[in-house]
Amino acid sequence: MKTVFSGLKPTGEMTIGNYLGAIKHWPLSQSKDNRTIFFVPNSHALTVRQSPEDIKTRTLDLVAWLLTAGIEPSKSIILVQSMVPAHAELFWILDNYVTMGELSRMTQFKDKSQKLGPEGQLVGLFNYPVLMAADILLYDSNEVPVGEDQVQHVELTRDIANRFNKLYGETFVLPKATIPNYGGRVMSLDNPSVKMSKSDHPDSYVALGESAESVVNKFKRAVTDSDTQIRYNKSEKPAISNLMEIYAGFSGMSLEEIENKYEGIGYGEFKNDLGELTAEKLSSLQKDFEKYRSNEIGLMSIIEEGSQKASAIANKKLSEVKNKIGLL
Ligand code: AQP
């Protein structure tokens with residue numbers, strides 16, 4: 001039996017990047033041969049300043065989006081990180097098996113700390129990959145489906161696990177990141193050299209909850225490249241290649257099929273079609289989301305039950321670790 005584990009942090013509204021790069025693919029791993037665990041890492045959300053009310057609301061929003069994407073509580077464990085204290089405890093232990101140098105090389109920290117300036121360079125932002133390692137390692141996760149931006153963190157998790165295993169004997173399973181063919185790195189609509197992020201400014205992303213009108217307008221305003229051809233080439237035509245990947249993610253068409261369909265057609269028409277396609281897909285997802293989100297009691301009971309099941313697994317692993325390193 002293989003364990004598949006992944007999560008989404010409540011730091012803003014879910015974007016089409018989070019959807020196409022991550023949660024759209026997660027339900028496919030739910031099968032009787034897999035143990036699937038999905039979580040909302042709400043403690044990770046503390047690395048970005050936001051109101052307590054926003055963190056709470058967004059945590060429940062994300063649980064509702066997981067259900068909307070097709071994660072079923074009867075097949076998967078759905079948990080909220082702060083409800084399973086073993087995550088924080090293993091985090092502190094693992095902090096002592098990773099160096100400042102390794103964490104300084106994480107590109108997400110470099111990108112975000114540059115954007116946020118000295119005031120935003122919190123210690124939590126610096127060592128959140130270690131909390132992520134604890135999240136993954138507590139459940140003997142074999143596969144971690146993520147967008148490309150998180151691959152480096154999963155590799156760091158492997159390094160930490162490997163180091164610990166060498167010192168104390170087999171303890172942790174070495175996890176592997178899995179990324180989708182298209183949508184693994186959806187880029188910002190107004191700057192195709194940076195990835196789309198939910199904590200960035202609103203013109204750079206499309207949120208899953210956005211109105212059709214706003215979605216169409218955002219794609220109309222999206223930056224394009226200098227010539228007029230709809231052709232996929234990430235290095236020469238990064239903006240249009242990004243839009244084509246989004247089109248592929250929502251339509252199921254291949255990049256070649258999209259190129260053929262839009263041969264001789266200009267950017268304006270393509271961007272308009274992409275806006276309408278995305279708006280149509282989002283409107284159907286939004287209907288399901290509303291159904292789940294309006295039942296807060298139902299959401300709470302799903303995460304209470306999931307977090308209890310998760311605690312049973314996580315506490316066992318934590319005891320094993322504490323035993324091995326001499327903590328009573
Ligand atoms: N632009 C993206 N393209 C493809 N996949 C993406 N993911 C995030 N952005 C993109 C994937 O979504 C999953 C959940 O990510 P997360 O919310 O836990 O953290 P993140 O990677 O830091 O996402 P954001 O949107 O950039 O959040 P903020 O702005 O708060 O940092 C992960 O699998 C991620 O790879």
# chains A, B, ... in the order shown; residues from 1 in each chain; ligands from 1
>>> residues_near_ligand(ligand="ligand 1", cutoff="6 Å", atoms="only C-alpha atoms and all ligand atoms", output="list of chain:residue names")
A:Gly7, A:Leu8, A:Lys9, A:Thr11, A:Gly17, A:Asn18, A:Gly21, A:Ala22, A:Val146, A:Gly147, A:Glu148, A:Asp149, A:Gln150, A:Gly183, A:Gly184, A:Arg185, A:Val186, A:Met187, A:Lys195, A:Met196, A:Ser197, A:Lys198, A:Ser199, A:Asp200
>>> select_by_dssp(residues="range 6-113 of chain A", states="strand (DSSP E or B)", output="NGL selection string")
:A and (6-7 or 15 or 34-40 or 76-80)
>>> atom_distance(atom1="CA of Tyr182 in chain A", atom2="CA of Phe250 in chain A")
10.1 Å
>>> residues_around(residues="Glu13 in chain A", least_positions_apart="6", cutoff="12 Å", atoms="only C-alpha atoms", output="compact mmCIF listing (two decimals) with all heavy atoms, in the first residue's frame")
# COMPACT_ATOMS: atom_id res chain seq x y z
N TYR A 19 -5.18 25.07 -8.41
CA TYR A 19 -6.10 24.05 -8.93
C TYR A 19 -5.43 23.19 -10.01
O TYR A 19 -5.37 21.97 -9.90
CB TYR A 19 -7.37 24.73 -9.49
CG TYR A 19 -8.37 23.75 -10.02
CD1 TYR A 19 -9.11 22.95 -9.16
CD2 TYR A 19 -8.56 23.59 -11.40
CE1 TYR A 19 -10.01 22.01 -9.65
CE2 TYR A 19 -9.46 22.66 -11.89
CZ TYR A 19 -10.18 21.88 -11.01
OH TYR A 19 -11.07 20.95 -11.50
N ASP A 54 -9.59 35.67 8.99
CA ASP A 54 -9.27 35.22 7.63
C ASP A 54 -8.68 33.80 7.64
O ASP A 54 -9.01 32.98 6.80
CB ASP A 54 -8.25 36.16 6.97
CG ASP A 54 -8.92 37.38 6.36
OD1 ASP A 54 -10.17 37.38 6.29
OD2 ASP A 54 -8.21 38.32 5.99
N ILE A 55 -7.80 33.53 8.60
CA ILE A 55 -7.18 32.19 8.62
C ILE A 55 -8.27 31.14 8.84
O ILE A 55 -8.31 30.11 8.15
CB ILE A 55 -6.09 32.06 9.72
CG1 ILE A 55 -4.96 33.06 9.44
CG2 ILE A 55 -5.52 30.64 9.78
CD1 ILE A 55 -3.73 32.90 10.30
N THR A 57 -11.60 31.36 8.27
CA THR A 57 -12.51 31.26 7.12
C THR A 57 -11.83 30.52 5.97
O THR A 57 -12.42 29.64 5.34
CB THR A 57 -12.89 32.68 6.64
OG1 THR A 57 -13.35 33.38 7.78
CG2 THR A 57 -13.94 32.67 5.58
N ARG A 58 -10.58 30.88 5.71
CA ARG A 58 -9.87 30.28 4.57
C ARG A 58 -9.59 28.79 4.79
O ARG A 58 -9.53 28.01 3.85
CB ARG A 58 -8.57 31.03 4.30
CG ARG A 58 -8.84 32.37 3.67
CD ARG A 58 -7.62 33.24 3.60
NE ARG A 58 -7.92 34.48 2.92
CZ ARG A 58 -7.16 35.57 2.96
NH1 ARG A 58 -6.04 35.54 3.65
NH2 ARG A 58 -7.49 36.66 2.30
N THR A 59 -9.41 28.41 6.06
CA THR A 59 -9.18 26.99 6.35
C THR A 59 -10.43 26.20 5.93
O THR A 59 -10.33 25.18 5.23
CB THR A 59 -8.88 26.79 7.85
OG1 THR A 59 -7.69 27.52 8.17
CG2 THR A 59 -8.70 25.32 8.20
N LEU A 60 -11.60 26.71 6.32
CA LEU A 60 -12.83 26.00 5.95
C LEU A 60 -13.07 26.08 4.44
O LEU A 60 -13.54 25.12 3.83
CB LEU A 60 -14.02 26.55 6.74
CG LEU A 60 -13.96 26.25 8.24
CD1 LEU A 60 -15.15 26.85 8.97
CD2 LEU A 60 -13.90 24.74 8.52
N ASP A 61 -12.71 27.23 3.84
CA ASP A 61 -12.83 27.34 2.37
C ASP A 61 -12.03 26.23 1.69
O ASP A 61 -12.51 25.57 0.77
CB ASP A 61 -12.25 28.67 1.85
CG ASP A 61 -13.13 29.88 2.17
OD1 ASP A 61 -14.26 29.69 2.64
OD2 ASP A 61 -12.65 31.02 1.96
N LEU A 62 -10.81 26.03 2.18
CA LEU A 62 -9.94 25.05 1.52
C LEU A 62 -10.47 23.63 1.68
O LEU A 62 -10.37 22.81 0.77
CB LEU A 62 -8.50 25.14 2.02
CG LEU A 62 -7.73 26.39 1.59
CD1 LEU A 62 -6.25 26.21 1.81
CD2 LEU A 62 -7.96 26.71 0.11
N TRP A 65 -12.99 23.33 -0.86
CA TRP A 65 -12.41 23.16 -2.21
C TRP A 65 -11.88 21.74 -2.42
O TRP A 65 -11.96 21.19 -3.52
CB TRP A 65 -11.28 24.18 -2.47
CG TRP A 65 -11.80 25.54 -2.87
CD1 TRP A 65 -11.61 26.70 -2.23
CD2 TRP A 65 -12.59 25.85 -4.04
NE1 TRP A 65 -12.24 27.74 -2.90
CE2 TRP A 65 -12.84 27.24 -4.02
CE3 TRP A 65 -13.11 25.10 -5.10
CZ2 TRP A 65 -13.60 27.89 -5.01
CZ3 TRP A 65 -13.87 25.75 -6.08
CH2 TRP A 65 -14.10 27.11 -6.03
N MET A 196 2.29 32.18 -10.45
CA MET A 196 1.03 32.72 -9.92
C MET A 196 0.93 32.30 -8.45
O MET A 196 1.11 31.14 -8.12
CB MET A 196 -0.13 32.13 -10.72
CG MET A 196 -1.48 32.67 -10.33
SD MET A 196 -2.82 31.96 -11.32
CE MET A 196 -2.67 32.82 -12.87
N SER A 197 0.65 33.29 -7.57
CA SER A 197 0.56 33.00 -6.14
C SER A 197 -0.66 33.66 -5.55
O SER A 197 -0.96 34.81 -5.89
CB SER A 197 1.76 33.59 -5.40
OG SER A 197 2.81 32.69 -5.36
N LYS A 198 -1.31 32.96 -4.62
CA LYS A 198 -2.53 33.53 -4.04
C LYS A 198 -2.26 34.73 -3.14
O LYS A 198 -3.14 35.54 -2.91
CB LYS A 198 -3.37 32.46 -3.33
CG LYS A 198 -2.65 31.72 -2.23
CD LYS A 198 -3.63 30.77 -1.56
CE LYS A 198 -3.16 29.33 -1.55
NZ LYS A 198 -1.82 29.10 -0.96
N SER A 199 -1.02 34.87 -2.65
CA SER A 199 -0.74 36.02 -1.79
C SER A 199 -0.17 37.20 -2.59
O SER A 199 0.22 38.20 -2.02
CB SER A 199 0.21 35.63 -0.66
OG SER A 199 1.40 35.12 -1.19
N ASP A 200 -0.14 37.08 -3.92
CA ASP A 200 0.34 38.18 -4.77
C ASP A 200 -0.83 39.16 -5.03
O ASP A 200 -1.95 38.93 -4.57
CB ASP A 200 0.86 37.58 -6.09
CG ASP A 200 2.03 38.37 -6.63
OD1 ASP A 200 2.18 39.52 -6.23
OD2 ASP A 200 2.78 37.83 -7.47
N HIS A 201 -0.61 40.20 -5.85
CA HIS A 201 -1.70 41.18 -6.06
C HIS A 201 -2.73 40.61 -7.04
O HIS A 201 -2.40 39.81 -7.94
CB HIS A 201 -1.13 42.52 -6.52
CG HIS A 201 -0.49 42.46 -7.87
ND1 HIS A 201 -1.13 42.82 -9.01
CD2 HIS A 201 0.73 42.01 -8.25
CE1 HIS A 201 -0.35 42.62 -10.04
NE2 HIS A 201 0.79 42.13 -9.60
N PRO A 202 -4.01 41.00 -6.88
CA PRO A 202 -5.12 40.33 -7.58
C PRO A 202 -5.04 40.31 -9.11
O PRO A 202 -5.57 39.39 -9.72
CB PRO A 202 -6.37 41.10 -7.13
CG PRO A 202 -5.97 41.77 -5.87
CD PRO A 202 -4.49 42.01 -5.92
N TYR A 205 -3.40 37.00 -10.66
CA TYR A 205 -3.98 35.65 -10.61
C TYR A 205 -5.48 35.66 -10.90
O TYR A 205 -6.13 36.70 -10.88
CB TYR A 205 -3.74 35.00 -9.24
CG TYR A 205 -4.39 35.69 -8.05
CD1 TYR A 205 -5.75 35.57 -7.81
CD2 TYR A 205 -3.63 36.44 -7.15
CE1 TYR A 205 -6.35 36.20 -6.71
CE2 TYR A 205 -4.21 37.07 -6.06
CZ TYR A 205 -5.58 36.94 -5.85
OH TYR A 205 -6.17 37.56 -4.78
N VAL A 206 -6.00 34.47 -11.16
CA VAL A 206 -7.46 34.27 -11.23
C VAL A 206 -7.80 33.37 -10.06
O VAL A 206 -7.23 32.28 -9.90
CB VAL A 206 -7.87 33.60 -12.57
CG1 VAL A 206 -9.34 33.19 -12.53
CG2 VAL A 206 -7.62 34.55 -13.74
N ALA A 207 -8.72 33.85 -9.20
CA ALA A 207 -9.13 33.03 -8.05
C ALA A 207 -10.24 32.08 -8.48
O ALA A 207 -11.01 32.40 -9.40
CB ALA A 207 -9.62 33.95 -6.92
N LEU A 208 -10.33 30.94 -7.79
CA LEU A 208 -11.36 29.96 -8.17
C LEU A 208 -12.77 30.50 -7.95
O LEU A 208 -13.71 30.09 -8.61
CB LEU A 208 -11.20 28.66 -7.37
CG LEU A 208 -9.97 27.81 -7.68
CD1 LEU A 208 -10.06 26.46 -6.98
CD2 LEU A 208 -9.80 27.61 -9.17
N GLY A 209 -12.89 31.46 -7.02
CA GLY A 209 -14.23 31.98 -6.71
C GLY A 209 -14.62 33.20 -7.52
O GLY A 209 -15.65 33.81 -7.28
N GLU A 210 -13.81 33.58 -8.53
CA GLU A 210 -14.07 34.83 -9.24
C GLU A 210 -15.26 34.79 -10.19
O GLU A 210 -15.59 33.73 -10.73
CB GLU A 210 -12.80 35.19 -10.04
CG GLU A 210 -12.23 36.50 -9.57
CD GLU A 210 -10.87 36.79 -10.13
OE1 GLU A 210 -9.89 36.27 -9.56
OE2 GLU A 210 -10.80 37.54 -11.11
>>> closest_residue(among="A:Thr3, A:Ser193, A:Gln229, A:Asn295", to="Pro175 in chain A", atoms="only C-alpha atoms")
A:Thr3
>>> residues_around(residues="His44 in chain A", least_positions_apart="4", cutoff="10 Å", atoms="only C-alpha atoms", output="list in words")
Leu8, Lys9, Pro10, Thr11, Val40, Val48, Gln81, Ser82, Gly124, Leu125, Tyr128, Pro129, Leu131 and Met132 of chain A
>>> atom_distance(atom1="CA of Phe164 in chain A", atom2="CA of Asp135 in chain A")
15.5 Å
>>> select_by_dssp(residues="range 134-237 of chain A", states="alpha helix (DSSP H)", output="VMD selection string")
chain A and resid 134 to 137 151 to 168 212 to 221
>>> atom_distance(atom1="CA of Lys317 in chain A", atom2="CA of Ile160 in chain A")
15.4 Å
>>> closest_residue(among="A:Arg293, A:Lys220, A:Lys324, A:Lys309", to="Asn272 in chain A", atoms="only C-alpha atoms")
A:Lys220
>>> closest_residue(among="A:Asp111, A:Asp140, A:Glu213, A:Glu119", to="Leu282 in chain A", atoms="only C-alpha atoms")
A:Glu213
>>> residues_around(residues="Glu280 in chain A", least_positions_apart="5", cutoff="9 Å", atoms="only C-alpha atoms", output="list of chain:residue names")
A:Ala212, A:Gly275, A:Leu285
>>> residues_around(residues="Asp288 in chain A", least_positions_apart="6", cutoff="10 Å", atoms="only C-alpha atoms", output="mmCIF file with C-alpha atoms, in the first residue's frame")
data_model
loop_
_atom_site.group_PDB
_atom_site.id
_atom_site.type_symbol
_atom_site.label_atom_id
_atom_site.label_comp_id
_atom_site.auth_asym_id
_atom_site.auth_seq_id
_atom_site.Cartn_x
_atom_site.Cartn_y
_atom_site.Cartn_z
ATOM 1 C CA ALA A 64 -14.667 22.817 0.884
ATOM 2 C CA TRP A 65 -12.406 23.159 -2.211
ATOM 3 C CA LEU A 67 -14.339 18.232 -1.449
ATOM 4 C CA THR A 68 -15.247 20.177 -4.607
ATOM 5 C CA ALA A 69 -12.194 18.775 -6.396
#
>>> closest_residue(among="A:Ser283, A:Tyr262, A:Ile37, A:Asn181", to="Glu245 in chain A", atoms="only C-alpha atoms")
A:Asn181
>>> residues_around(residues="Arg163 in chain A", least_positions_apart="2", cutoff="12 Å", atoms="only C-alpha atoms", output="PDB file with N, CA and C atoms, in the first residue's frame")
ATOM      1  N   LEU A  94      13.081  17.973  13.968  1.00  0.00           N
ATOM      2  CA  LEU A  94      13.762  17.975  12.657  1.00  0.00           C
ATOM      3  C   LEU A  94      14.568  19.252  12.415  1.00  0.00           C
ATOM      4  N   ASN A  96      16.646  20.334  14.089  1.00  0.00           N
ATOM      5  CA  ASN A  96      18.016  20.053  14.532  1.00  0.00           C
ATOM      6  C   ASN A  96      18.750  19.076  13.617  1.00  0.00           C
ATOM      7  N   TYR A  97      18.131  18.785  12.477  1.00  0.00           N
ATOM      8  CA  TYR A  97      18.768  17.881  11.505  1.00  0.00           C
ATOM      9  C   TYR A  97      18.842  18.552  10.134  1.00  0.00           C
ATOM     10  N   VAL A  98      18.837  19.881  10.135  1.00  0.00           N
ATOM     11  CA  VAL A  98      18.930  20.632   8.884  1.00  0.00           C
ATOM     12  C   VAL A  98      19.756  21.889   9.173  1.00  0.00           C
ATOM     13  N   THR A  99      20.499  22.345   8.154  1.00  0.00           N
ATOM     14  CA  THR A  99      21.376  23.492   8.428  1.00  0.00           C
ATOM     15  C   THR A  99      20.792  24.793   7.847  1.00  0.00           C
ATOM     16  N   LEU A 156      14.292  18.387  -0.059  1.00  0.00           N
ATOM     17  CA  LEU A 156      14.915  18.673   1.244  1.00  0.00           C
ATOM     18  C   LEU A 156      14.383  17.683   2.296  1.00  0.00           C
ATOM     19  N   THR A 157      13.101  17.391   2.212  1.00  0.00           N
ATOM     20  CA  THR A 157      12.494  16.417   3.137  1.00  0.00           C
ATOM     21  C   THR A 157      13.207  15.062   3.021  1.00  0.00           C
ATOM     22  N   ARG A 158      13.473  14.653   1.787  1.00  0.00           N
ATOM     23  CA  ARG A 158      14.208  13.382   1.571  1.00  0.00           C
ATOM     24  C   ARG A 158      15.581  13.442   2.231  1.00  0.00           C
ATOM     25  N   ASP A 159      16.259  14.581   2.060  1.00  0.00           N
ATOM     26  CA  ASP A 159      17.606  14.708   2.638  1.00  0.00           C
ATOM     27  C   ASP A 159      17.557  14.604   4.164  1.00  0.00           C
ATOM     28  N   ILE A 160      16.561  15.275   4.759  1.00  0.00           N
ATOM     29  CA  ILE A 160      16.446  15.243   6.226  1.00  0.00           C
ATOM     30  C   ILE A 160      16.150  13.808   6.682  1.00  0.00           C
ATOM     31  N   ALA A 161      15.230  13.152   5.980  1.00  0.00           N
ATOM     32  CA  ALA A 161      14.836  11.781   6.344  1.00  0.00           C
ATOM     33  C   ALA A 161      16.029  10.839   6.234  1.00  0.00           C
ATOM     34  N   ASN A 165      17.695   8.681   9.184  1.00  0.00           N
ATOM     35  CA  ASN A 165      17.744   7.212   9.067  1.00  0.00           C
ATOM     36  C   ASN A 165      19.174   6.699   9.239  1.00  0.00           C
ATOM     37  N   LYS A 166      20.124   7.429   8.680  1.00  0.00           N
ATOM     38  CA  LYS A 166      21.527   6.987   8.775  1.00  0.00           C
ATOM     39  C   LYS A 166      22.016   7.032  10.224  1.00  0.00           C
ATOM     40  N   LEU A 167      21.548   8.042  10.960  1.00  0.00           N
ATOM     41  CA  LEU A 167      21.994   8.183  12.355  1.00  0.00           C
ATOM     42  C   LEU A 167      21.314   7.187  13.298  1.00  0.00           C
ATOM     43  N   TYR A 168      20.020   6.933  13.067  1.00  0.00           N
ATOM     44  CA  TYR A 168      19.239   6.160  14.062  1.00  0.00           C
ATOM     45  C   TYR A 168      18.606   4.881  13.511  1.00  0.00           C
ATOM     46  N   GLY A 169      18.888   4.531  12.269  1.00  0.00           N
ATOM     47  CA  GLY A 169      18.256   3.347  11.661  1.00  0.00           C
ATOM     48  C   GLY A 169      16.949   3.748  10.984  1.00  0.00           C
ATOM     49  N   GLU A 170      16.454   2.823  10.108  1.00  0.00           N
ATOM     50  CA  GLU A 170      15.244   3.095   9.309  1.00  0.00           C
ATOM     51  C   GLU A 170      14.107   3.657  10.165  1.00  0.00           C
ATOM     52  N   THR A 171      13.711   4.873   9.915  1.00  0.00           N
ATOM     53  CA  THR A 171      12.612   5.496  10.666  1.00  0.00           C
ATOM     54  C   THR A 171      11.597   6.098   9.705  1.00  0.00           C
ATOM     55  N   PHE A 172      12.130   6.854   8.729  1.00  0.00           N
ATOM     56  CA  PHE A 172      11.241   7.562   7.813  1.00  0.00           C
ATOM     57  C   PHE A 172      11.278   6.963   6.415  1.00  0.00           C
ATOM     58  N   VAL A 173      10.119   7.008   5.752  1.00  0.00           N
ATOM     59  CA  VAL A 173      10.041   6.635   4.338  1.00  0.00           C
ATOM     60  C   VAL A 173      10.528   7.841   3.523  1.00  0.00           C
ATOM     61  N   LEU A 174      11.302   7.594   2.466  1.00  0.00           N
ATOM     62  CA  LEU A 174      11.769   8.705   1.635  1.00  0.00           C
ATOM     63  C   LEU A 174      10.684   9.067   0.618  1.00  0.00           C
TER      64      LEU A 174
END
>>> closest_residue(among="A:Pro192, A:Ser284, A:Ile230, A:Leu327", to="Ile258 in chain A", atoms="only C-alpha atoms")
A:Ile230
